[in-house]
>>> print(open('run-v6.pdb').read())   # PDB, C-alpha atoms
ATOM      1  CA  MET A  24       0.000   0.000   0.000
ATOM      2  CA  PHE A  25       0.969   3.612  -0.443
ATOM      3  CA  THR A  26       1.261   6.146   2.350
ATOM      4  CA  ASN A  27      -1.609   8.644   2.423
ATOM      5  CA  GLY A  28      -2.453  11.630   4.557
ATOM      6  CA  VAL A  29      -5.866  12.320   6.081
ATOM      7  CA  TYR A  30      -8.085  15.113   4.753
ATOM      8  CA  ILE A  31     -11.545  16.510   5.350
ATOM      9  CA  ILE A  32     -13.496  17.588   2.282
ATOM     10  CA  LEU A  33     -16.145  20.261   2.884
ATOM     11  CA  THR A  34     -18.672  21.223   0.226
ATOM     12  CA  GLY A  35     -21.912  23.148  -0.028
ATOM     13  CA  THR A  36     -22.066  26.763   1.110
ATOM     14  CA  ASN A  37     -20.753  28.680   4.092
ATOM     15  CA  ASP A  38     -24.177  28.270   5.751
ATOM     16  CA  SER A  39     -25.101  24.734   4.676
ATOM     17  CA  TYR A  40     -22.363  22.178   4.089
ATOM     18  CA  LYS A  41     -21.439  18.508   4.335
ATOM     19  CA  GLY A  42     -18.065  16.979   5.001
ATOM     20  CA  MET A  43     -16.203  13.695   4.709
ATOM     21  CA  SER A  44     -12.830  12.369   5.773
ATOM     22  CA  ILE A  45     -10.794  10.843   2.966
ATOM     23  CA  ALA A  46      -7.259   9.547   2.513
ATOM     24  CA  TRP A  47      -7.016   9.836  -1.259
ATOM     25  CA  VAL A  48      -5.771  13.275  -2.293
ATOM     26  CA  THR A  49      -2.891  13.801  -4.725
ATOM     27  CA  GLN A  50      -1.599  17.025  -6.221
ATOM     28  CA  ILE A  51      -0.917  16.263  -9.879
ATOM     29  CA  GLU A  52       0.676  19.570 -10.841
ATOM     30  CA  LYS A  53       0.947  23.106  -9.512
ATOM     31  CA  HIS A  54      -2.731  24.041  -9.944
ATOM     32  CA  HIS A  55      -4.578  20.692  -9.987
ATOM     33  CA  LEU A  56      -5.265  17.785  -7.660
ATOM     34  CA  ILE A  57      -7.182  14.523  -7.675
ATOM     35  CA  ILE A  58      -9.438  13.214  -4.908
ATOM     36  CA  SER A  59     -11.300   9.948  -4.618
ATOM     37  CA  ALA A  60     -14.661  10.105  -2.830
ATOM     38  CA  PRO A  61     -17.229   7.391  -2.071
ATOM     39  CA  LYS A  62     -19.869   7.103  -4.785
ATOM     40  CA  GLY A  63     -23.407   7.817  -3.545
ATOM     41  CA  SER A  64     -22.548   9.447  -0.217
ATOM     42  CA  GLN A  65     -24.455  12.615   0.713
ATOM     43  CA  ALA A  66     -21.261  14.681   0.780
ATOM     44  CA  THR A  67     -20.095  13.338  -2.607
ATOM     45  CA  ASN A  68     -23.491  14.015  -4.189
ATOM     46  CA  LEU A  69     -23.456  17.601  -2.884
ATOM     47  CA  LEU A  70     -19.857  18.056  -4.051
ATOM     48  CA  LEU A  71     -20.791  16.961  -7.581
ATOM     49  CA  LYS A  72     -23.788  19.318  -7.596
ATOM     50  CA  ARG A  73     -21.925  22.310  -6.116
ATOM     51  CA  GLU A  74     -18.713  21.704  -8.135
ATOM     52  CA  MET A  75     -16.625  23.445  -5.447
ATOM     53  CA  PHE A  76     -15.064  22.125  -2.254
ATOM     54  CA  SER A  77     -12.293  22.618   0.251
ATOM     55  CA  VAL A  78      -9.552  20.112   1.053
ATOM     56  CA  ASN A  79      -8.481  20.451   4.686
ATOM     57  CA  GLU A  80      -5.242  18.612   5.508
ATOM     58  CA  LEU A  81      -5.037  17.198   9.027
ATOM     59  CA  GLY A  82      -1.936  17.043  11.202
ATOM     60  CA  GLU A  83      -0.616  14.633  13.799
ATOM     61  CA  GLY A  84      -2.932  14.279  16.778
ATOM     62  CA  GLN A  85      -6.085  15.198  14.836
ATOM     63  CA  GLU A  86      -7.584  11.710  14.626
ATOM     64  CA  ALA A  87     -10.717  12.871  16.501
ATOM     65  CA  LEU A  88     -11.285  15.570  13.871
ATOM     66  CA  ALA A  89     -10.989  12.922  11.136
ATOM     67  CA  ARG A  90     -13.503  10.699  12.962
ATOM     68  CA  GLU A  91     -15.974  13.595  13.206
ATOM     69  CA  PHE A  92     -16.382  13.458   9.421
ATOM     70  CA  GLY A  93     -15.665   9.737   9.084
ATOM     71  CA  GLY A  94     -19.113   8.464   8.199
ATOM     72  CA  SER A  95     -21.205   5.603   9.539
ATOM     73  CA  LYS A  96     -18.462   2.954   9.355
ATOM     74  CA  CYS A  97     -16.005   5.035  11.362
ATOM     75  CA  ALA A  98     -15.265   3.905  14.923
ATOM     76  CA  LYS A  99     -15.449   6.233  17.920
ATOM     77  CA  GLN A 100     -17.237   9.199  16.368
ATOM     78  CA  THR A 101     -17.135  12.417  18.386
ATOM     79  CA  GLU A 102     -20.033  13.622  20.557
ATOM     80  CA  SER A 103     -19.787  17.283  19.507
ATOM     81  CA  SER A 104     -17.968  19.208  16.795
ATOM     82  CA  ILE A 105     -14.326  20.089  17.336
ATOM     83  CA  ALA A 106     -13.886  21.525  13.832
ATOM     84  CA  GLN A 107     -13.402  25.289  13.676
ATOM     85  CA  ILE A 108     -15.291  26.156  10.481
ATOM     86  CA  LYS A 109     -14.662  29.468   8.730
ATOM     87  CA  PRO A 110     -16.631  30.943   5.806
ATOM     88  CA  THR A 111     -14.736  32.078   2.698
ATOM     89  CA  GLU A 112     -15.303  34.604  -0.092
ATOM     90  CA  GLN A 113     -15.851  31.663  -2.472
ATOM     91  CA  ASN A 114     -18.832  30.559  -0.302
ATOM     92  CA  VAL A 115     -17.133  27.241   0.534
ATOM     93  CA  PRO A 116     -16.259  26.657   4.206
ATOM     94  CA  ILE A 117     -12.792  25.680   5.428
ATOM     95  CA  ILE A 118     -11.464  24.243   8.685
ATOM     96  CA  VAL A 119      -8.994  26.617  10.323
ATOM     97  CA  ASN A 120      -7.646  24.246  13.013
ATOM     98  CA  CYS A 121      -5.788  22.033  10.514
ATOM     99  CA  SER A 122      -2.478  22.032   8.580
ATOM    100  CA  SER A 123      -3.786  23.677   5.404
ATOM    101  CA  SER A 124      -6.974  24.391   3.473
ATOM    102  CA  THR A 125      -7.305  24.442  -0.298
ATOM    103  CA  ILE A 126     -10.372  25.595  -2.230
ATOM    104  CA  CYS A 127     -10.986  23.770  -5.504
ATOM    105  CA  ARG A 128     -13.353  23.701  -8.485
ATOM    106  CA  ILE A 129     -14.151  20.434 -10.297
ATOM    107  CA  SER A 130     -12.535  19.999 -13.727
ATOM    108  CA  SER A 131     -13.545  16.397 -14.468
ATOM    109  CA  VAL A 132     -15.187  13.353 -12.873
ATOM    110  CA  VAL A 133     -14.684   9.635 -13.528
ATOM    111  CA  GLU A 134     -16.434   6.780 -11.726
ATOM    112  CA  VAL A 135     -14.162   3.871 -10.743
ATOM    113  CA  ASN A 136     -15.950   0.975  -9.022
ATOM    114  CA  GLU A 137     -17.387   2.408  -5.769
ATOM    115  CA  GLN A 138     -15.420   5.662  -5.978
ATOM    116  CA  VAL A 139     -15.741   8.965  -7.812
ATOM    117  CA  VAL A 140     -12.341  10.244  -8.943
ATOM    118  CA  ILE A 141     -12.390  14.021  -9.243
ATOM    119  CA  THR A 142      -9.790  16.222 -10.894
ATOM    120  CA  ALA A 143     -10.022  19.769  -9.607
ATOM    121  CA  LYS A 144      -8.372  23.118 -10.202
ATOM    122  CA  ILE A 145      -6.938  24.790  -7.101
ATOM    123  CA  SER A 146      -8.468  28.248  -6.606
ATOM    124  CA  ASN A 147      -6.857  29.228  -3.311
ATOM    125  CA  SER A 148      -4.610  27.700  -0.641
ATOM    126  CA  LEU A 149      -4.270  28.800   2.969
ATOM    127  CA  ASN A 150      -1.669  27.655   5.476
ATOM    128  CA  GLY A 151      -3.024  26.670   8.866
ATOM    129  CA  SER A 152      -1.214  25.287  11.885
ATOM    130  CA  ASN A 153       2.379  24.169  11.514
ATOM    131  CA  MET A 154       1.947  20.396  12.036
ATOM    132  CA  GLN A 155       3.390  17.206  10.653
ATOM    133  CA  PRO A 156       0.838  15.483   8.356
ATOM    134  CA  LEU A 157      -1.506  12.903   9.860
ATOM    135  CA  ILE A 158      -0.745   9.575   8.156
ATOM    136  CA  PHE A 159      -3.738   7.345   7.407
ATOM    137  CA  ASN A 160      -3.862   4.055   9.312
ATOM    138  CA  LYS A 161      -7.102   2.174   8.676
ATOM    139  CA  ALA A 162      -7.010   0.533  12.125
ATOM    140  CA  ASN A 163      -7.304   3.964  13.783
ATOM    141  CA  TYR A 164     -10.677   4.695  12.152
ATOM    142  CA  PHE A 165     -12.647   1.585  11.191
ATOM    143  CA  ARG A 166     -14.253  -1.153  13.254
TER     144      ARG A 166
END
>>> encode(input="run-v6.pdb", output="structure tokens")
Amino acid sequence: MFTNGVYIILTGTNDSYKGMSIAWVTQIEKHHLIISAPKGSQATNLLLKREMFSVNELGEGQEALAREFGGSKCAKQTESSIAQIKPTEQNVPIIVNCSSSTICRISSVVEVNEQVVITAKISNSLNGSNMQPLIFNKANYFR
């Protein structure tokens, strides 16, 4: 297997949004990245409709934040929100208590088995806290 970080994707608007934790984000060149999101999830469906989203990179020690957006199969979900959500001028929320936040617009979509692979253009990137990246370990999140 390859080493992946942990990210939270937020989509919708500043006032009404959905989020999901994912481990499949790759920057493919200076202004584009690829994410893989679960086909049919509420957050993925909203992302495809809205065509904009933020990628919020988590740092070491932020496993609870990842679990907050981990979905129904995620173990040990949090009782209340620990994410510090901030509105943006692009009307896509970001999480400010993370390593970095990147706002993106969908360029193309391809379905691969149970995933939706999305290529997106980076609109804006913001540095957050200075942390080492959180490395994905499936045993930390799933039952």
>>> closest_residue(input="run-v6.pdb", among="A:Lys72, A:Asn79, A:Gln50, A:Val132", to="Ser152 of chain A", atoms="only C-alpha atoms")
A:Asn79
>>> residues_near_point(input="run-v6.pdb", point="(-22.5, 23.7, 5.8)", cutoff="10 Å", atoms="all atoms listed in the file", output="list in words")
Leu33, Thr34, Gly35, Thr36, Asn37, Asp38, Ser39, Tyr40, Lys41, Gly42, Ile108, Pro110, Asn114, Val115, Pro116 and Ile117 of chain A
>>> closest_residue(input="run-v6.pdb", among="A:Tyr30, A:Trp47, A:Phe159, A:Phe76", to="Lys144 of chain A", atoms="all atoms listed in the file")
A:Phe76
>>> closest_residue(input="run-v6.pdb", among="A:Ile145, A:Val78, A:Ile58, A:Leu157", to="Val119 of chain A", atoms="only C-alpha atoms")
A:Val78
>>> atom_distance(input="run-v6.pdb", atom1="atom CA of Phe25 of chain A", atom2="atom CA of Ser59 of chain A")
14.4 Å
>>> residues_near_point(input="run-v6.pdb", point="(-3.1, 18.3, -7.9)", cutoff="12 Å", atoms="only C-alpha atoms", output="PyMOL selection string")
chain A and resi 47-58+78+125-130+141-146+148
>>> atom_distance(input="run-v6.pdb", atom1="atom CA of Met154 of chain A", atom2="atom CA of Ser124 of chain A")
13.0 Å
>>> atom_distance(input="run-v6.pdb", atom1="atom CA of Glu137 of chain A", atom2="atom CA of Glu80 of chain A")
23.2 Å
>>> closest_residue(input="run-v6.pdb", among="A:Ser104, A:Gln113, A:Asn27, A:Ser131", to="Leu71 of chain A", atoms="all atoms listed in the file")
A:Ser131
>>> axis_aligned_box(input="run-v6.pdb", around="segment 36-54 of chain A", padding_each_side="4 Å", output="AutoDock Vina command-line options")
--center_x -12.1 --center_y 19.1 --center_z -2.5 --size_x 34.0 --size_y 27.1 --size_z 24.6
>>> closest_residue(input="run-v6.pdb", among="A:Leu149, A:Val29, A:Val139, A:Val133", to="Ala66 of chain A", atoms="all atoms listed in the file")
A:Val139
>>> closest_residue(input="run-v6.pdb", among="A:Met75, A:Ile45, A:Val140, A:Ile105", to="Ile158 of chain A", atoms="all atoms listed in the file")
A:Ile45
>>> residues_around(input="run-v6.pdb", residues="Gly63 of chain A", least_positions_apart="4", cutoff="12 Å", atoms="all atoms listed in the file", output="list in words")
Thr67, Asn68, Leu69, Leu70, Leu71, Glu134, Asn136, Glu137, Gln138 and Val139 of chain A
>>> decode(input="run-v6.pdb", residues="segment 32-151 of chain A", atoms="C-alpha atoms", output="PDB file, in the first residue's frame")
ATOM      1  CA  ILE A  32     -13.496  17.588   2.282  1.00  0.00           C
ATOM      2  CA  LEU A  33     -16.145  20.261   2.884  1.00  0.00           C
ATOM      3  CA  THR A  34     -18.672  21.223   0.226  1.00  0.00           C
ATOM      4  CA  GLY A  35     -21.912  23.148  -0.028  1.00  0.00           C
ATOM      5  CA  THR A  36     -22.066  26.763   1.110  1.00  0.00           C
ATOM      6  CA  ASN A  37     -20.753  28.680   4.092  1.00  0.00           C
ATOM      7  CA  ASP A  38     -24.177  28.270   5.751  1.00  0.00           C
ATOM      8  CA  SER A  39     -25.101  24.734   4.676  1.00  0.00           C
ATOM      9  CA  TYR A  40     -22.363  22.178   4.089  1.00  0.00           C
ATOM     10  CA  LYS A  41     -21.439  18.508   4.335  1.00  0.00           C
ATOM     11  CA  GLY A  42     -18.065  16.979   5.001  1.00  0.00           C
ATOM     12  CA  MET A  43     -16.203  13.695   4.709  1.00  0.00           C
ATOM     13  CA  SER A  44     -12.830  12.369   5.773  1.00  0.00           C
ATOM     14  CA  ILE A  45     -10.794  10.843   2.966  1.00  0.00           C
ATOM     15  CA  ALA A  46      -7.259   9.547   2.513  1.00  0.00           C
ATOM     16  CA  TRP A  47      -7.016   9.836  -1.259  1.00  0.00           C
ATOM     17  CA  VAL A  48      -5.771  13.275  -2.293  1.00  0.00           C
ATOM     18  CA  THR A  49      -2.891  13.801  -4.725  1.00  0.00           C
ATOM     19  CA  GLN A  50      -1.599  17.025  -6.221  1.00  0.00           C
ATOM     20  CA  ILE A  51      -0.917  16.263  -9.879  1.00  0.00           C
ATOM     21  CA  GLU A  52       0.676  19.570 -10.841  1.00  0.00           C
ATOM     22  CA  LYS A  53       0.947  23.106  -9.512  1.00  0.00           C
ATOM     23  CA  HIS A  54      -2.731  24.041  -9.944  1.00  0.00           C
ATOM     24  CA  HIS A  55      -4.578  20.692  -9.987  1.00  0.00           C
ATOM     25  CA  LEU A  56      -5.265  17.785  -7.660  1.00  0.00           C
ATOM     26  CA  ILE A  57      -7.182  14.523  -7.675  1.00  0.00           C
ATOM     27  CA  ILE A  58      -9.438  13.214  -4.908  1.00  0.00           C
ATOM     28  CA  SER A  59     -11.300   9.948  -4.618  1.00  0.00           C
ATOM     29  CA  ALA A  60     -14.661  10.105  -2.830  1.00  0.00           C
ATOM     30  CA  PRO A  61     -17.229   7.391  -2.071  1.00  0.00           C
ATOM     31  CA  LYS A  62     -19.869   7.103  -4.785  1.00  0.00           C
ATOM     32  CA  GLY A  63     -23.407   7.817  -3.545  1.00  0.00           C
ATOM     33  CA  SER A  64     -22.548   9.447  -0.217  1.00  0.00           C
ATOM     34  CA  GLN A  65     -24.455  12.615   0.713  1.00  0.00           C
ATOM     35  CA  ALA A  66     -21.261  14.681   0.780  1.00  0.00           C
ATOM     36  CA  THR A  67     -20.095  13.338  -2.607  1.00  0.00           C
ATOM     37  CA  ASN A  68     -23.491  14.015  -4.189  1.00  0.00           C
ATOM     38  CA  LEU A  69     -23.456  17.601  -2.884  1.00  0.00           C
ATOM     39  CA  LEU A  70     -19.857  18.056  -4.051  1.00  0.00           C
ATOM     40  CA  LEU A  71     -20.791  16.961  -7.581  1.00  0.00           C
ATOM     41  CA  LYS A  72     -23.788  19.318  -7.596  1.00  0.00           C
ATOM     42  CA  ARG A  73     -21.925  22.310  -6.116  1.00  0.00           C
ATOM     43  CA  GLU A  74     -18.713  21.704  -8.135  1.00  0.00           C
ATOM     44  CA  MET A  75     -16.625  23.445  -5.447  1.00  0.00           C
ATOM     45  CA  PHE A  76     -15.064  22.125  -2.254  1.00  0.00           C
ATOM     46  CA  SER A  77     -12.293  22.618   0.251  1.00  0.00           C
ATOM     47  CA  VAL A  78      -9.552  20.112   1.053  1.00  0.00           C
ATOM     48  CA  ASN A  79      -8.481  20.451   4.686  1.00  0.00           C
ATOM     49  CA  GLU A  80      -5.242  18.612   5.508  1.00  0.00           C
ATOM     50  CA  LEU A  81      -5.037  17.198   9.027  1.00  0.00           C
ATOM     51  CA  GLY A  82      -1.936  17.043  11.202  1.00  0.00           C
ATOM     52  CA  GLU A  83      -0.616  14.633  13.799  1.00  0.00           C
ATOM     53  CA  GLY A  84      -2.932  14.279  16.778  1.00  0.00           C
ATOM     54  CA  GLN A  85      -6.085  15.198  14.836  1.00  0.00           C
ATOM     55  CA  GLU A  86      -7.584  11.710  14.626  1.00  0.00           C
ATOM     56  CA  ALA A  87     -10.717  12.871  16.501  1.00  0.00           C
ATOM     57  CA  LEU A  88     -11.285  15.570  13.871  1.00  0.00           C
ATOM     58  CA  ALA A  89     -10.989  12.922  11.136  1.00  0.00           C
ATOM     59  CA  ARG A  90     -13.503  10.699  12.962  1.00  0.00           C
ATOM     60  CA  GLU A  91     -15.974  13.595  13.206  1.00  0.00           C
ATOM     61  CA  PHE A  92     -16.382  13.458   9.421  1.00  0.00           C
ATOM     62  CA  GLY A  93     -15.665   9.737   9.084  1.00  0.00           C
ATOM     63  CA  GLY A  94     -19.113   8.464   8.199  1.00  0.00           C
ATOM     64  CA  SER A  95     -21.205   5.603   9.539  1.00  0.00           C
ATOM     65  CA  LYS A  96     -18.462   2.954   9.355  1.00  0.00           C
ATOM     66  CA  CYS A  97     -16.005   5.035  11.362  1.00  0.00           C
ATOM     67  CA  ALA A  98     -15.265   3.905  14.923  1.00  0.00           C
ATOM     68  CA  LYS A  99     -15.449   6.233  17.920  1.00  0.00           C
ATOM     69  CA  GLN A 100     -17.237   9.199  16.368  1.00  0.00           C
ATOM     70  CA  THR A 101     -17.135  12.417  18.386  1.00  0.00           C
ATOM     71  CA  GLU A 102     -20.033  13.622  20.557  1.00  0.00           C
ATOM     72  CA  SER A 103     -19.787  17.283  19.507  1.00  0.00           C
ATOM     73  CA  SER A 104     -17.968  19.208  16.795  1.00  0.00           C
ATOM     74  CA  ILE A 105     -14.326  20.089  17.336  1.00  0.00           C
ATOM     75  CA  ALA A 106     -13.886  21.525  13.832  1.00  0.00           C
ATOM     76  CA  GLN A 107     -13.402  25.289  13.676  1.00  0.00           C
ATOM     77  CA  ILE A 108     -15.291  26.156  10.481  1.00  0.00           C
ATOM     78  CA  LYS A 109     -14.662  29.468   8.730  1.00  0.00           C
ATOM     79  CA  PRO A 110     -16.631  30.943   5.806  1.00  0.00           C
ATOM     80  CA  THR A 111     -14.736  32.078   2.698  1.00  0.00           C
ATOM     81  CA  GLU A 112     -15.303  34.604  -0.092  1.00  0.00           C
ATOM     82  CA  GLN A 113     -15.851  31.663  -2.472  1.00  0.00           C
ATOM     83  CA  ASN A 114     -18.832  30.559  -0.302  1.00  0.00           C
ATOM     84  CA  VAL A 115     -17.133  27.241   0.534  1.00  0.00           C
ATOM     85  CA  PRO A 116     -16.259  26.657   4.206  1.00  0.00           C
ATOM     86  CA  ILE A 117     -12.792  25.680   5.428  1.00  0.00           C
ATOM     87  CA  ILE A 118     -11.464  24.243   8.685  1.00  0.00           C
ATOM     88  CA  VAL A 119      -8.994  26.617  10.323  1.00  0.00           C
ATOM     89  CA  ASN A 120      -7.646  24.246  13.013  1.00  0.00           C
ATOM     90  CA  CYS A 121      -5.788  22.033  10.514  1.00  0.00           C
ATOM     91  CA  SER A 122      -2.478  22.032   8.580  1.00  0.00           C
ATOM     92  CA  SER A 123      -3.786  23.677   5.404  1.00  0.00           C
ATOM     93  CA  SER A 124      -6.974  24.391   3.473  1.00  0.00           C
ATOM     94  CA  THR A 125      -7.305  24.442  -0.298  1.00  0.00           C
ATOM     95  CA  ILE A 126     -10.372  25.595  -2.230  1.00  0.00           C
ATOM     96  CA  CYS A 127     -10.986  23.770  -5.504  1.00  0.00           C
ATOM     97  CA  ARG A 128     -13.353  23.701  -8.485  1.00  0.00           C
ATOM     98  CA  ILE A 129     -14.151  20.434 -10.297  1.00  0.00           C
ATOM     99  CA  SER A 130     -12.535  19.999 -13.727  1.00  0.00           C
ATOM    100  CA  SER A 131     -13.545  16.397 -14.468  1.00  0.00           C
ATOM    101  CA  VAL A 132     -15.187  13.353 -12.873  1.00  0.00           C
ATOM    102  CA  VAL A 133     -14.684   9.635 -13.528  1.00  0.00           C
ATOM    103  CA  GLU A 134     -16.434   6.780 -11.726  1.00  0.00           C
ATOM    104  CA  VAL A 135     -14.162   3.871 -10.743  1.00  0.00           C
ATOM    105  CA  ASN A 136     -15.950   0.975  -9.022  1.00  0.00           C
ATOM    106  CA  GLU A 137     -17.387   2.408  -5.769  1.00  0.00           C
ATOM    107  CA  GLN A 138     -15.420   5.662  -5.978  1.00  0.00           C
ATOM    108  CA  VAL A 139     -15.741   8.965  -7.812  1.00  0.00           C
ATOM    109  CA  VAL A 140     -12.341  10.244  -8.943  1.00  0.00           C
ATOM    110  CA  ILE A 141     -12.390  14.021  -9.243  1.00  0.00           C
ATOM    111  CA  THR A 142      -9.790  16.222 -10.894  1.00  0.00           C
ATOM    112  CA  ALA A 143     -10.022  19.769  -9.607  1.00  0.00           C
ATOM    113  CA  LYS A 144      -8.372  23.118 -10.202  1.00  0.00           C
ATOM    114  CA  ILE A 145      -6.938  24.790  -7.101  1.00  0.00           C
ATOM    115  CA  SER A 146      -8.468  28.248  -6.606  1.00  0.00           C
ATOM    116  CA  ASN A 147      -6.857  29.228  -3.311  1.00  0.00           C
ATOM    117  CA  SER A 148      -4.610  27.700  -0.641  1.00  0.00           C
ATOM    118  CA  LEU A 149      -4.270  28.800   2.969  1.00  0.00           C
ATOM    119  CA  ASN A 150      -1.669  27.655   5.476  1.00  0.00           C
ATOM    120  CA  GLY A 151      -3.024  26.670   8.866  1.00  0.00           C
TER     121      GLY A 151
END
